[in-house]
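**Student:** Quick one: structure below, then a few questions.
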Amino acid sequence: MYELNELETIVKKCHGCPLFKTRTNVVFGEGKEENQIMFIGEGPGYHEDQTGRPFVGRAGELFDRMLDAVDLTREEVYIANIVKCRPPNNRNPFEEECRSCIEFLRWQVKIINPDILVCLGSVSARNILQSDFKITKNRGVWYKKGKFNIIATYHPAAILRDEKKKKAAWEDFKSIRNLYDSMKNK
């Protein structure tokens, strides 16, 4: 089994799909290595590509406020993406790009070994839960896959585009916090 830093070294050398040609930095992920909660987005945006860190642009600022609202911090969770390189013009990653990168995410999940996986947005949910996942219809529902409790919610960027999604995301984050608290008390 890999150590997280070994896996990151491998990912930084990846040329498995065309996204490596246009990246500035690989955005591997960050957070505490042994963690109960792992958030999974779709892929890096412009600011993430520049810094090599996940969720640092406007959506990242909103993500931090969402965590704070349920008394969590970045230091208490692990944050990763389906793809590790920025798709051009911040488009959604293509299926073949997701397929090329998903094994790296699987290894991250094995190493971090969280109890809770949170899919941020439909791209993440379609790659983690089911290929026909509809975020507007199925967000906020808990799924059990093996040892993992999985929920999908709106991506913070979607909330920035449509404030009407904020209330539903708030309910999802409260649900995540409630499950986390119940697991800590066992």
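Residues in the structure tokens are named by chain (A, B, ... in the order shown) and by number from 1 within that chain; ligands are numbered from 1 in the order shown.
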Select from segment 46-102 of chain A everything DSSP, run on the backbone, classes as strand (DSSP E), then give the selection as a list in words.

**Tutor:**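 Strand (DSSP E) members of segment 46-102 of chain A, listed: Tyr78, Ile79, Ala80 and Asn81 of chain A.
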
**Student:** At a cut-off of 8 Å, using only C-alpha atoms, what residues contact Pro87 of chain A? Leave out same-chain residues fewer than 6 positions from it and give the result as a PyMOL selection string.

**Tutor:** chain A and resi 19+22+43-45+93

**Student:** For the residues in that selection, give me all heavy atoms as a PDB file, in the first residue's frame.

**Tutor:**
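See selection01.pdb below for the written result:
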```pdb
ATOM      1  N   LEU A  19      -4.977  16.370 -19.967  1.00  0.00           N
ATOM      2  CA  LEU A  19      -4.996  17.502 -19.044  1.00  0.00           C
ATOM      3  C   LEU A  19      -3.606  17.875 -18.534  1.00  0.00           C
ATOM      4  O   LEU A  19      -3.369  19.025 -18.171  1.00  0.00           O
ATOM      5  CB  LEU A  19      -5.926  17.217 -17.851  1.00  0.00           C
ATOM      6  CG  LEU A  19      -7.420  17.137 -18.156  1.00  0.00           C
ATOM      7  CD1 LEU A  19      -8.213  16.833 -16.886  1.00  0.00           C
ATOM      8  CD2 LEU A  19      -7.917  18.412 -18.817  1.00  0.00           C
ATOM      9  N   THR A  22      -1.856  21.057 -20.114  1.00  0.00           N
ATOM     10  CA  THR A  22      -2.265  22.441 -19.869  1.00  0.00           C
ATOM     11  C   THR A  22      -2.238  22.818 -18.388  1.00  0.00           C
ATOM     12  O   THR A  22      -2.539  23.962 -18.057  1.00  0.00           O
ATOM     13  CB  THR A  22      -3.680  22.690 -20.429  1.00  0.00           C
ATOM     14  OG1 THR A  22      -4.583  21.747 -19.846  1.00  0.00           O
ATOM     15  CG2 THR A  22      -3.688  22.563 -21.948  1.00  0.00           C
ATOM     16  N   GLY A  43     -12.813  18.874 -10.023  1.00  0.00           N
ATOM     17  CA  GLY A  43     -11.475  19.130 -10.529  1.00  0.00           C
ATOM     18  C   GLY A  43     -11.063  20.542 -10.195  1.00  0.00           C
ATOM     19  O   GLY A  43     -11.884  21.374  -9.827  1.00  0.00           O
ATOM     20  N   PRO A  44      -9.782  20.831 -10.329  1.00  0.00           N
ATOM     21  CA  PRO A  44      -9.286  22.165  -9.993  1.00  0.00           C
ATOM     22  C   PRO A  44      -9.773  23.230 -10.967  1.00  0.00           C
ATOM     23  O   PRO A  44      -9.962  22.966 -12.149  1.00  0.00           O
ATOM     24  CB  PRO A  44      -7.765  22.026 -10.106  1.00  0.00           C
ATOM     25  CG  PRO A  44      -7.471  20.601 -10.366  1.00  0.00           C
ATOM     26  CD  PRO A  44      -8.732  19.911 -10.731  1.00  0.00           C
ATOM     27  N   GLY A  45      -9.952  24.425 -10.443  1.00  0.00           N
ATOM     28  CA  GLY A  45     -10.217  25.599 -11.259  1.00  0.00           C
ATOM     29  C   GLY A  45      -8.940  26.407 -11.426  1.00  0.00           C
ATOM     30  O   GLY A  45      -7.841  25.940 -11.087  1.00  0.00           O
ATOM     31  N   PRO A  93     -14.750  17.955 -16.301  1.00  0.00           N
ATOM     32  CA  PRO A  93     -13.859  16.949 -16.884  1.00  0.00           C
ATOM     33  C   PRO A  93     -14.652  15.952 -17.733  1.00  0.00           C
ATOM     34  O   PRO A  93     -15.785  15.612 -17.402  1.00  0.00           O
ATOM     35  CB  PRO A  93     -13.226  16.267 -15.674  1.00  0.00           C
ATOM     36  CG  PRO A  93     -14.000  16.694 -14.490  1.00  0.00           C
ATOM     37  CD  PRO A  93     -14.790  17.901 -14.849  1.00  0.00           C
TER      38      PRO A  93
END
```

**Student:** Would you list the contacts of segment 97-105 of chain A as a PyMOL selection string, taking every protein, DNA or RNA residue within 10 Å and counting only C-alpha atoms, but skipping same-chain residues closer than 5 positions in sequence?

**Tutor:** chain A and resi 7-8+10-11+14-19+28-29+40+42-43+80-85+87+92+110-111+123-124+127-128

**Student:** Set the distance at 9 Å and use only C-alpha atoms: which residues neighbour Lys165 of chain A once local chain neighbours fewer than 6 positions away are removed? I'd like the list as a list in words.

**Tutor:**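 The residues that qualify are Tyr154, Ala158 and Ile159 of chain A.
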
**Student:** Keeping C-alpha atoms for every residue in the selection just given, could you write it to a file as a tab-separated table (two decimals), in the first residue's frame?

**Tutor:**
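And here's part_8.tsv as it stands now:
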```tsv
chain	number	residue	atom	x	y	z
A	154	TYR	CA	-24.25	21.06	-4.40
A	158	ALA	CA	-23.12	26.02	-8.14
A	159	ILE	CA	-24.33	27.86	-5.03
```

**Student:** If we count only C-alpha atoms, what is near segment 113-122 of chain A at a cut-off of 9 Å, once residues fewer than 5 positions away on the same chain are taken out, given as a ChimeraX atom specification?

**Tutor:** /A:33-42,78,108,127-129,133-136,139,147-158,176,179-180,183
